[in-house]
Structures are given as C-alpha cells and as structure tokens.
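Trainee: Structure file run12.tsv, TSV, C-alpha atoms and all ligand atoms, is pasted below:
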```tsv
chain	number	residue	atom	x	y	z
A	1	MET	CA	151.70	95.15	66.01
A	2	CYS	CA	150.04	94.61	69.39
A	3	ASN	CA	147.56	97.11	70.75
A	4	ALA	CA	147.46	98.84	67.40
A	5	VAL	CA	144.07	99.85	66.13
A	6	ARG	CA	144.48	100.68	62.49
A	7	VAL	CA	141.44	102.53	61.38
A	8	PRO	CA	140.31	101.28	58.09
A	9	PHE	CA	140.40	102.60	54.66
A	10	PHE	CA	136.78	103.56	54.06
A	11	PRO	CA	135.00	106.81	54.88
A	12	ARG	CA	132.57	106.76	57.79
A	13	ARG	CA	128.86	106.83	57.02
A	14	HIS	CA	125.84	107.09	59.23
A	15	GLY	CA	122.89	104.83	58.88
A	16	CYS	CA	119.19	104.84	59.23
A	17	HIS	CA	118.26	101.54	60.84
A	18	ALA	CA	118.89	102.60	64.40
A	19	ASP	CA	116.82	105.73	64.02
A	20	PRO	CA	113.13	105.19	63.31
A	21	ALA	CA	112.79	108.77	62.09
A	22	ARG	CA	115.27	108.08	59.32
A	23	ARG	CA	113.96	104.69	58.28
A	24	GLY	CA	112.44	104.59	54.86
A	25	ARG	CA	114.74	107.18	53.31
A	26	HIS	CA	116.87	104.51	51.70
A	27	ASP	CA	115.50	102.21	49.05
A	28	ARG	CA	116.65	99.19	51.07
A	29	CYS	CA	114.85	100.24	54.21
A	30	THR	CA	111.22	99.46	53.49
A	31	LEU	CA	110.06	96.76	55.84
A	32	ALA	CA	107.86	95.00	53.28
A	33	GLY	CA	110.72	94.86	50.79
A	34	ASP	CA	113.08	93.61	53.48
A	35	CYS	CA	110.64	90.87	54.51
A	36	VAL	CA	110.41	89.63	50.94
A	37	ARG	CA	114.19	89.69	50.58
A	38	PHE	CA	114.68	87.97	53.95
A	39	LEU	CA	112.25	85.17	53.20
A	40	ALA	CA	113.76	84.74	49.73
A	41	GLY	CA	117.33	84.86	51.05
A	42	ASP	CA	119.11	82.87	48.36
A	43	PHE	CA	117.44	84.75	45.56
A	44	ALA	CA	118.28	88.07	47.20
A	45	ARG	CA	121.89	87.04	47.55
A	46	THR	CA	122.16	86.14	43.90
A	47	ALA	CA	120.62	89.45	42.91
A	48	ALA	CA	122.99	91.34	45.20
A	49	ALA	CA	126.02	89.47	43.89
A	50	GLN	CA	125.11	90.53	40.36
A	51	ASP	CA	124.97	94.13	41.51
A	52	VAL	CA	128.33	95.62	40.66
A	53	GLY	CA	128.18	97.77	43.80
A	54	GLY	CA	127.16	94.78	45.95
A	55	ASN	CA	130.08	94.96	48.35
A	56	GLU	CA	129.81	98.71	48.75
A	57	ARG	CA	126.09	98.44	49.49
A	58	ALA	CA	126.81	95.73	52.04
A	59	ARG	CA	129.46	97.84	53.70
A	60	ARG	CA	127.08	100.81	53.91
A	61	TYR	CA	124.44	98.55	55.42
A	62	TRP	CA	126.80	97.33	58.17
A	63	ASP	CA	128.01	100.86	58.83
A	64	SER	CA	124.40	101.87	59.35
A	65	CYS	CA	123.88	99.07	61.90
A	66	ALA	CA	127.07	99.64	63.86
A	67	GLU	CA	126.10	101.87	66.76
A	68	ALA	CA	122.90	99.92	67.49
A	69	TYR	CA	124.40	96.50	66.80
A	70	ASP	CA	125.29	95.48	70.36
A	71	ARG	CA	121.88	96.44	71.69
A	72	ASN	CA	120.09	94.60	68.92
A	73	ALA	CA	122.43	91.61	69.02
A	74	LEU	CA	120.89	90.93	72.41
A	75	ILE	CA	117.98	89.39	70.51
A	76	ALA	CA	120.45	86.65	69.64
A	77	GLY	CA	122.09	86.98	73.08
A	78	PRO	CA	121.20	83.53	74.36
A	79	THR	CA	123.15	82.02	71.45
A	80	TYR	CA	126.41	83.78	72.35
A	81	GLN	CA	126.89	81.87	75.63
A	82	PRO	CA	126.93	78.37	74.08
A	83	ILE	CA	129.07	79.70	71.22
A	84	LEU	CA	131.61	81.04	73.69
A	85	HIS	CA	131.55	77.89	75.76
A	86	ARG	CA	132.70	75.87	72.76
A	87	LEU	CA	134.94	78.51	71.24
A	88	LEU	CA	137.00	78.96	74.38
A	89	ARG	CA	137.52	75.20	74.53
A	90	ASP	CA	138.71	75.16	70.91
A	91	VAL	CA	141.18	78.02	71.26
A	92	GLY	CA	144.41	77.60	73.22
A	93	GLU	CA	146.48	79.99	75.31
A	94	GLU	CA	149.35	79.97	72.81
A	95	ASP	CA	147.18	80.52	69.73
A	96	PHE	CA	147.50	83.41	67.32
A	97	VAL	CA	143.90	84.00	66.28
A	98	LEU	CA	142.39	85.84	63.33
A	99	GLU	CA	138.75	86.81	63.72
A	100	VAL	CA	137.30	87.66	60.32
A	101	ALA	CA	134.22	89.92	60.12
A	102	ALA	CA	134.59	90.57	63.84
A	103	GLY	CA	131.94	93.29	63.81
A	104	THR	CA	131.82	95.22	67.08
A	105	GLY	CA	134.14	92.71	68.76
A	106	LEU	CA	131.53	90.88	70.86
A	107	LEU	CA	133.56	87.66	70.56
A	108	THR	CA	136.95	89.32	70.08
A	109	ALA	CA	137.13	90.45	73.71
A	110	PRO	CA	136.68	86.98	75.26
A	111	LEU	CA	139.01	85.56	72.58
A	112	ALA	CA	141.63	88.11	73.62
A	113	ARG	CA	141.36	87.01	77.24
A	114	ARG	CA	141.96	83.42	76.14
A	115	ALA	CA	144.50	83.50	73.30
A	116	LYS	CA	148.02	84.84	72.96
A	117	ARG	CA	147.22	87.35	70.23
A	118	VAL	CA	144.10	88.23	68.27
A	119	VAL	CA	143.65	90.19	65.07
A	120	GLY	CA	140.07	91.26	64.39
A	121	THR	CA	139.13	92.36	60.87
A	122	ASP	CA	135.98	93.68	59.25
A	123	PHE	CA	135.19	95.65	56.11
A	124	SER	CA	132.81	98.10	57.82
A	125	PRO	CA	134.48	101.18	59.33
A	126	GLY	CA	131.40	101.73	61.50
A	127	MET	CA	131.62	98.26	63.06
A	128	LEU	CA	135.38	98.64	63.47
A	129	ALA	CA	134.99	101.94	65.29
A	130	VAL	CA	132.79	100.24	67.90
A	131	ALA	CA	135.24	97.31	68.11
A	132	GLN	CA	138.06	99.77	68.57
A	133	ARG	CA	136.35	101.29	71.62
A	134	ARG	CA	135.63	97.88	73.10
A	135	LEU	CA	139.10	96.47	72.51
A	136	ALA	CA	141.33	99.45	73.24
A	137	ALA	CA	142.23	98.05	76.67
A	138	TYR	CA	143.53	94.74	75.30
A	139	PRO	CA	147.26	94.91	74.56
A	140	ASN	CA	147.22	91.65	72.58
A	141	VAL	CA	144.56	92.76	70.04
A	142	GLU	CA	144.86	94.51	66.71
A	143	VAL	CA	141.81	95.69	64.78
A	144	LEU	CA	141.97	96.47	61.09
A	145	GLY	CA	139.90	96.90	57.96
A	146	ALA	CA	139.91	94.02	55.48
A	147	ASP	CA	137.56	92.27	53.09
A	148	ALA	CA	137.20	88.61	54.02
A	149	ALA	CA	137.72	87.66	50.39
A	150	ASP	CA	141.10	89.39	50.25
A	151	LEU	CA	142.91	89.11	53.57
A	152	PRO	CA	146.07	91.23	53.88
A	153	PHE	CA	148.15	88.54	55.60
A	154	PRO	CA	150.89	86.19	54.50
A	155	SER	CA	150.03	82.52	53.98
A	156	ARG	CA	150.31	80.20	56.99
A	157	SER	CA	150.40	82.98	59.58
A	158	TYR	CA	147.62	81.99	62.03
A	159	ASP	CA	146.79	79.06	64.30
A	160	VAL	CA	143.02	79.67	64.29
A	161	VAL	CA	140.59	81.60	62.10
A	162	VAL	CA	137.20	82.42	63.65
A	163	CYS	CA	134.27	83.75	61.66
A	164	SER	CA	130.99	84.31	63.48
A	165	HIS	CA	127.58	85.22	62.04
A	166	ALA	CA	129.11	86.47	58.82
A	167	LEU	CA	129.51	83.78	56.14
A	168	HIS	CA	125.76	83.87	55.48
A	169	VAL	CA	125.89	87.61	54.71
A	170	MET	CA	129.03	87.68	52.56
A	171	ALA	CA	128.81	88.18	48.82
A	172	SER	CA	131.56	85.59	48.22
A	173	PRO	CA	131.75	83.20	51.19
A	174	GLU	CA	133.47	80.48	49.13
A	175	ILE	CA	136.37	82.83	48.35
A	176	ALA	CA	136.49	83.90	52.01
A	177	VAL	CA	136.81	80.29	53.20
A	178	ARG	CA	139.68	79.73	50.75
A	179	GLU	CA	141.33	82.80	52.25
A	180	PHE	CA	140.84	81.37	55.76
A	181	ARG	CA	142.67	78.23	54.64
A	182	ARG	CA	145.48	80.18	52.99
A	183	VAL	CA	146.32	82.22	56.08
A	184	LEU	CA	146.26	79.17	58.38
A	185	ARG	CA	149.36	77.17	59.23
A	186	THR	CA	149.17	73.45	58.48
A	187	GLY	CA	147.17	71.82	61.26
A	188	GLY	CA	145.44	75.13	62.06
A	189	ARG	CA	141.69	75.37	62.66
A	190	VAL	CA	138.79	77.28	61.20
A	191	ILE	CA	135.79	77.88	63.43
A	192	ALA	CA	132.77	78.98	61.43
A	193	ILE	CA	129.66	79.94	63.33
A	194	THR	CA	126.45	81.24	61.89
A	195	LEU	CA	122.74	81.45	62.39
A	196	LEU	CA	120.91	78.83	60.37
A	197	ASP	CA	117.57	80.15	59.32
A	198	GLY	CA	117.21	77.09	57.10
A	199	GLU	CA	116.81	75.10	60.34
A	200	MET	CA	113.92	77.23	61.63
A	201	SER	CA	110.31	76.19	61.76
A	202	PRO	CA	108.02	78.49	59.71
A	203	ALA	CA	106.56	79.93	62.94
A	204	SER	CA	109.99	80.66	64.36
A	205	LEU	CA	111.11	82.17	61.06
A	206	VAL	CA	108.20	84.61	61.05
A	207	LYS	CA	108.84	85.49	64.71
A	208	ASN	CA	112.50	86.21	63.99
A	209	VAL	CA	111.78	88.18	60.85
A	210	LEU	CA	109.46	90.38	62.90
A	211	SER	CA	112.12	90.82	65.64
A	212	PHE	CA	115.09	91.57	63.43
A	213	LEU	CA	113.90	93.43	60.40
A	214	PRO	CA	112.42	96.49	62.13
A	215	ARG	CA	115.77	96.96	63.88
A	216	PHE	CA	118.31	96.04	61.24
A	217	GLY	CA	116.59	95.72	57.89
A	218	CYS	CA	117.85	92.92	55.68
A	219	PRO	CA	121.51	92.78	54.59
A	220	PRO	CA	121.89	93.12	50.82
A	221	CYS	CA	123.77	89.81	50.62
A	222	ARG	CA	122.47	86.85	52.55
A	223	ARG	CA	121.85	83.17	52.09
A	224	THR	CA	119.70	80.71	53.95
A	225	LEU	CA	121.86	77.99	55.48
A	226	GLN	CA	121.29	74.68	57.19
A	227	LEU	CA	124.01	73.00	59.25
A	228	GLU	CA	125.07	70.75	56.36
A	229	GLY	CA	125.26	73.78	54.04
A	230	LEU	CA	127.60	75.53	56.46
A	231	ALA	CA	129.78	72.41	56.78
A	232	GLU	CA	129.84	72.00	52.98
A	233	LEU	CA	130.87	75.63	52.53
A	234	VAL	CA	133.84	75.06	54.84
A	235	ARG	CA	134.72	71.75	53.12
A	236	SER	CA	134.59	73.41	49.71
A	237	GLY	CA	137.50	75.61	50.83
A	238	GLY	CA	139.73	72.53	51.24
A	239	LEU	CA	139.30	72.08	54.98
A	240	GLU	CA	138.53	68.87	56.89
A	241	VAL	CA	135.41	69.27	59.00
A	242	GLU	CA	135.96	67.77	62.47
A	243	GLN	CA	132.77	68.90	64.14
A	244	ALA	CA	129.46	70.33	62.96
A	245	VAL	CA	126.85	70.95	65.64
A	246	ILE	CA	123.88	73.14	66.40
A	247	VAL	CA	124.93	74.88	69.61
A	248	ALA	CA	121.66	76.70	70.25
A	249	ARG	CA	118.10	76.32	69.02
A	250	GLU	CA	116.50	79.48	70.41
A	251	PRO	CA	115.92	82.17	69.54
A	252	ILE	CA	117.79	81.30	66.34
A	253	PRO	CA	119.34	77.95	65.45
A	254	THR	CA	123.08	78.51	65.45
A	255	GLY	CA	125.60	76.25	63.73
A	256	TYR	CA	129.20	75.71	64.83
A	257	VAL	CA	131.68	74.08	62.50
A	258	ARG	CA	135.29	73.32	63.42
A	259	ALA	CA	137.60	72.27	60.61
A	260	ARG	CA	141.31	71.64	60.16
A	261	LYS	CA	143.83	72.44	57.45
A	262	ALA	CA	145.32	69.01	57.00
A	263	GLN	CA	148.11	70.07	54.65
A	301	LIG	C1	126.09	89.86	61.77
A	301	LIG	S1	127.60	90.77	61.88
A	301	LIG	C2	128.58	89.65	62.88
A	301	LIG	C3	129.61	90.39	63.69
A	301	LIG	C4	130.35	89.52	64.72
A	301	LIG	N1	131.17	88.52	64.07
A	301	LIG	C5	129.40	88.88	65.71
A	301	LIG	O1	129.33	87.64	65.79
A	301	LIG	O2	128.71	89.63	66.43
A	301	LIG	C6	128.30	90.49	60.26
A	301	LIG	C7	129.63	91.22	60.07
A	301	LIG	O3	130.22	90.75	58.86
A	301	LIG	C8	130.89	91.85	58.26
A	301	LIG	N2	131.11	91.51	56.85
A	301	LIG	C9	130.17	91.16	55.94
A	301	LIG	N3	130.75	90.89	54.75
A	301	LIG	C10	132.10	91.08	54.93
A	301	LIG	C11	133.24	90.95	54.08
A	301	LIG	N4	133.12	90.58	52.80
A	301	LIG	N5	134.45	91.21	54.59
A	301	LIG	C12	134.59	91.58	55.89
A	301	LIG	N6	133.56	91.73	56.74
A	301	LIG	C13	132.33	91.47	56.27
A	301	LIG	C14	129.96	93.01	58.51
A	301	LIG	O4	130.59	94.25	58.37
A	301	LIG	C15	129.51	92.72	59.94
A	301	LIG	O5	130.35	93.34	60.87
```
What would the structure in this file look like if it were written as structure tokens?
Mentor:
Amino acid sequence: MCNAVRVPFFPRRHGCHADPARRGRHDRCTLAGDCVRFLAGDFARTAAAQDVGGNERARRYWDSCAEAYDRNALIAGPTYQPILHRLLRDVGEEDFVLEVAAGTGLLTAPLARRAKRVVGTDFSPGMLAVAQRRLAAYPNVEVLGADAADLPFPSRSYDVVVCSHALHVMASPEIAVREFRRVLRTGGRVIAITLLDGEMSPASLVKNVLSFLPRFGCPPCRRTLQLEGLAELVRSGGLEVEQAVIVAREPIPTGYVRARKAQ
C-alpha cells in the first residue's frame, strides 16, 4: 500500500477562482453573493445541505481552488506553525495516521516525516492531484479519493485521525466524525483543527472576508464555529475530548481539539 497514489474516482475540472478573468462566470462566484453567504454561514450551510447536488457542488468548488490553494493558504500561514507544533507532539513515531480532507497535503508532509505511515484522503480530485505531487517522494504515504462521510477503511484500523480546516466546510460533519471514530482503534485519537470564525471580532471578520473571498469565493457548505462548537461536534461522535484550545488568534482564530476513543 505504501507509496501508492491512487488517483480518485472523479473527473478533473478546472475552476475560476484562481483566474480573475474567469471569475463571475459561475453563479457561485459573485463577490457580493459570497459575502452574504460567508457572513450568514450557518444559513448557507443549511441551504446547501438541502441542495441535492450539494456534495457535487462542494467538490467542484474545491477542484476550482486546488492549484491556487497553497499560495492563498499563506493568508492563514501563521496559523499552520502552532498547529504543527501541537500536532507533531500528539502523533507518535509508531502511529498509523489517517488524514481526512487532506487537501493539497500541507500537513500530510510533516505528518509523514513524523509517523510510521500516513493515508491522506480528500474528495476533490484537484486537491488530490496537488497532494500527489507534493507527497510522491514519501514512501510511507498513500493518497486516495474518499468522502469523509463514507471512509473506505475497515473499523479500528488507525491510531490517529487528523482533520484540518475541513469540518466547518463539510455538508455532514457529524457523520464524518462518527466515521473517524469507527476507523480508530480503541484508545486512538482524533485531532480536529479548524478556523473558528465564530471567535472573530466583527472588525477581524470583515478583514478576513475581504482577504479570502476575492481569492477563493465562499464554499457552498460552511458553518460558523466557536471552540465549544468544534469540541461538541467531536463529542457528538462518541469521542472523549481531552483538549480543546485556540492555538492561534491571528489572522484567524484556530481551534485544536484532541479526543480519544475510549471504547
Ligand atoms: C480548507 S481545505 C483544508 C485542506 C487541508 N486539510 C489543510 O489544512 O490545508 C478543505 C478540504 O476539505 C475537503 N473536503 C470538504 N468536504 C469533504 C468531504 N465531505 N469529504 C472529503 N473531503 C472534503 C476539500 O476538498 C478541501 O480539500
């Protein structure tokens, strides 16, 4: 299984967000509409979840962000260092790690240098293609396409499940967390990290909306979380929360929750 990069099951699409000339051709790409949807995150998520094609729209959105993602993720760059600092303490050398919604593999690479084996999954072929390029040199990494709500792994097969900056944009994060628990061995850990725009001051929220939306647009599924909401989401999947902290405040408050599968 090691060093295999299984390219996923969905056809490749090309997006518009990275290319200003192409912005505005999709109904989801108008900045004003995105601002409204961003600021009304929970409402937008509900509306998207009712959309039968919600997951497909979300996948297309992430495909369209893929090639520009690393460059634009630098806006949140200062949050990745404190995330990594904690993450690498919480993952051991003998661990078999699943990273769900791994995106372009920004965290997968340092995880691979730390852990015994890492499987990175995502449902966007575009994101996975970038991850594949980044991770090709790591013999202990496998990258594959999978929906977080339906993981293609046997129960109790991992020591650690990591999910970074993704639960807040999933259509069904509660189902995903139950899947995390299912694939963990007893005593295994979930590490859930996400930006918490519910913890932002109004001024900071406006500043971030103006930084992010022109580059990415707003994902079709998203919810506004505070730290307690993230911890509660993890608890609702039957996991015992051991630690819930805000690891960075700027430019975006970022929550880090570590939880254990007790039995
Ligand atoms: C903001 S990016 C985060 C990527 C990476 N984890 C990081 O920290 O840079 C969100 C990722 O979640 C993925 N995603 C969203 N919903 C998903 C789902 N239901 N199943 C699998 N991946 C999903 C997207 O394709 C995207 O790559």
Trainee: Which one is closest to ligand LIG 301 (chain A): A:Leu135, A:Leu213, A:Ala244, A:Ile193? Count only C-alpha atoms and all ligand atoms.
Mentor: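 Distance minimum relative to ligand LIG 301 (chain A) lands on A:Ile193.
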Trainee: Work out how far apart atom O3 of ligand LIG 301 (chain A) and CA of Ala102 in chain A are and give it in Å to one decimal.
Mentor: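 About the pair atom O3 of ligand LIG 301 (chain A) and CA of Ala102 in chain A: they are 6.6 Å apart.
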Trainee: Mind pulling up the distance from CA of Leu196 in chain A to atom O3 of ligand LIG 301 (chain A)?
Mentor: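 Distance between the two atoms: 15.2 Å.
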Trainee: May I ask which of the residues A:Leu128, A:Val100, A:Val119, A:Ala262 is the closest one to Arg185 in chain A, counting all atoms listed in the file?
Mentor: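 Among A:Leu128, A:Val100, A:Val119, A:Ala262, it is A:Ala262 that comes nearest to Arg185 in chain A.
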Trainee: Grab the CA of Ser164 in chain A to CA of Lys207 in chain A distance for me, in Å with one decimal place.
Mentor: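 Taking CA of Ser164 in chain A as the start and CA of Lys207 in chain A as the end point, the length is 22.2 Å.
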Trainee: Hey, which residues sit close to ligand LIG 301 (chain A)? Say within 7 Å, counting only C-alpha atoms and all ligand atoms, and write them as a PyMOL selection string.
Mentor: chain A and resi 55+58-59+62+100-107+121-124+127+146-149+163-166+169-172
Trainee: Hey, which of A:Leu210, A:Val160, A:Ala248, A:Ala112 ends up closest to Gly188 in chain A? Count all atoms listed in the file.
Mentor: A:Val160
Trainee: May I have a table of the residues of range 123-231 of chain A lying at most 10 Å from range 65-83 of chain A, giving each one's closest pair of atoms and their distance in Å to one decimal, counting all atoms listed in the file, ordered by chain and ascending residue number, as a Markdown table?
Mentor:
```
| residue | atom | partner | partner_atom | distance |
| --- | --- | --- | --- | --- |
| A:Ser124 | CA | A:Ala66 | CA | 8.5 |
| A:Pro125 | CA | A:Ala66 | CA | 8.8 |
| A:Gly126 | CA | A:Ala66 | CA | 5.4 |
| A:Met127 | CA | A:Ala66 | CA | 4.8 |
| A:Leu128 | CA | A:Ala66 | CA | 8.4 |
| A:Ala129 | CA | A:Ala66 | CA | 8.4 |
| A:Val130 | CA | A:Glu67 | CA | 7.0 |
| A:Ala131 | CA | A:Ala66 | CA | 9.5 |
| A:Ser164 | CA | A:Ile83 | CA | 9.2 |
| A:Ile193 | CA | A:Ile83 | CA | 7.9 |
| A:Thr194 | CA | A:Ile83 | CA | 9.8 |
| A:Leu195 | CA | A:Thr79 | CA | 9.1 |
| A:Asn208 | CA | A:Ile75 | CA | 9.1 |
| A:Ser211 | CA | A:Ile75 | CA | 7.8 |
| A:Phe212 | CA | A:Ile75 | CA | 8.0 |
| A:Arg215 | CA | A:Asn72 | CA | 7.0 |
| A:Phe216 | CA | A:Cys65 | CA | 6.4 |
| A:Gly217 | CA | A:Cys65 | CA | 9.0 |
| A:Pro219 | CA | A:Cys65 | CA | 9.9 |
```
Trainee: Please, what is the axis-aligned box for every listed atom of range 74-88 of chain A with 8 Å on each side, as centre and edge lengths in Å to one decimal, as AutoDock Vina command-line options?
Mentor:
```
--center_x 127.5 --center_y 83.4 --center_z 72.7 --size_x 35.0 --size_y 31.1 --size_z 22.1
```
Trainee: Kindly indicate which residue among A:Ala203, A:Val118, A:Val183, A:Leu84 lies nearest to Val143 in chain A, using all atoms listed in the file for the distances.
Mentor: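 Nearest to Val143 in chain A: A:Val118.
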Trainee: Applying 7 Å and all atoms listed in the file, which residues near Ile191 in chain A remain after dropping the ones on its own chain fewer than 4 positions away? List them as a list in words.
Mentor: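 Skipping anything fewer than 4 positions along the chain leaves Val161, Val162, Cys163, Val257, Arg258 and Ala259 of chain A.
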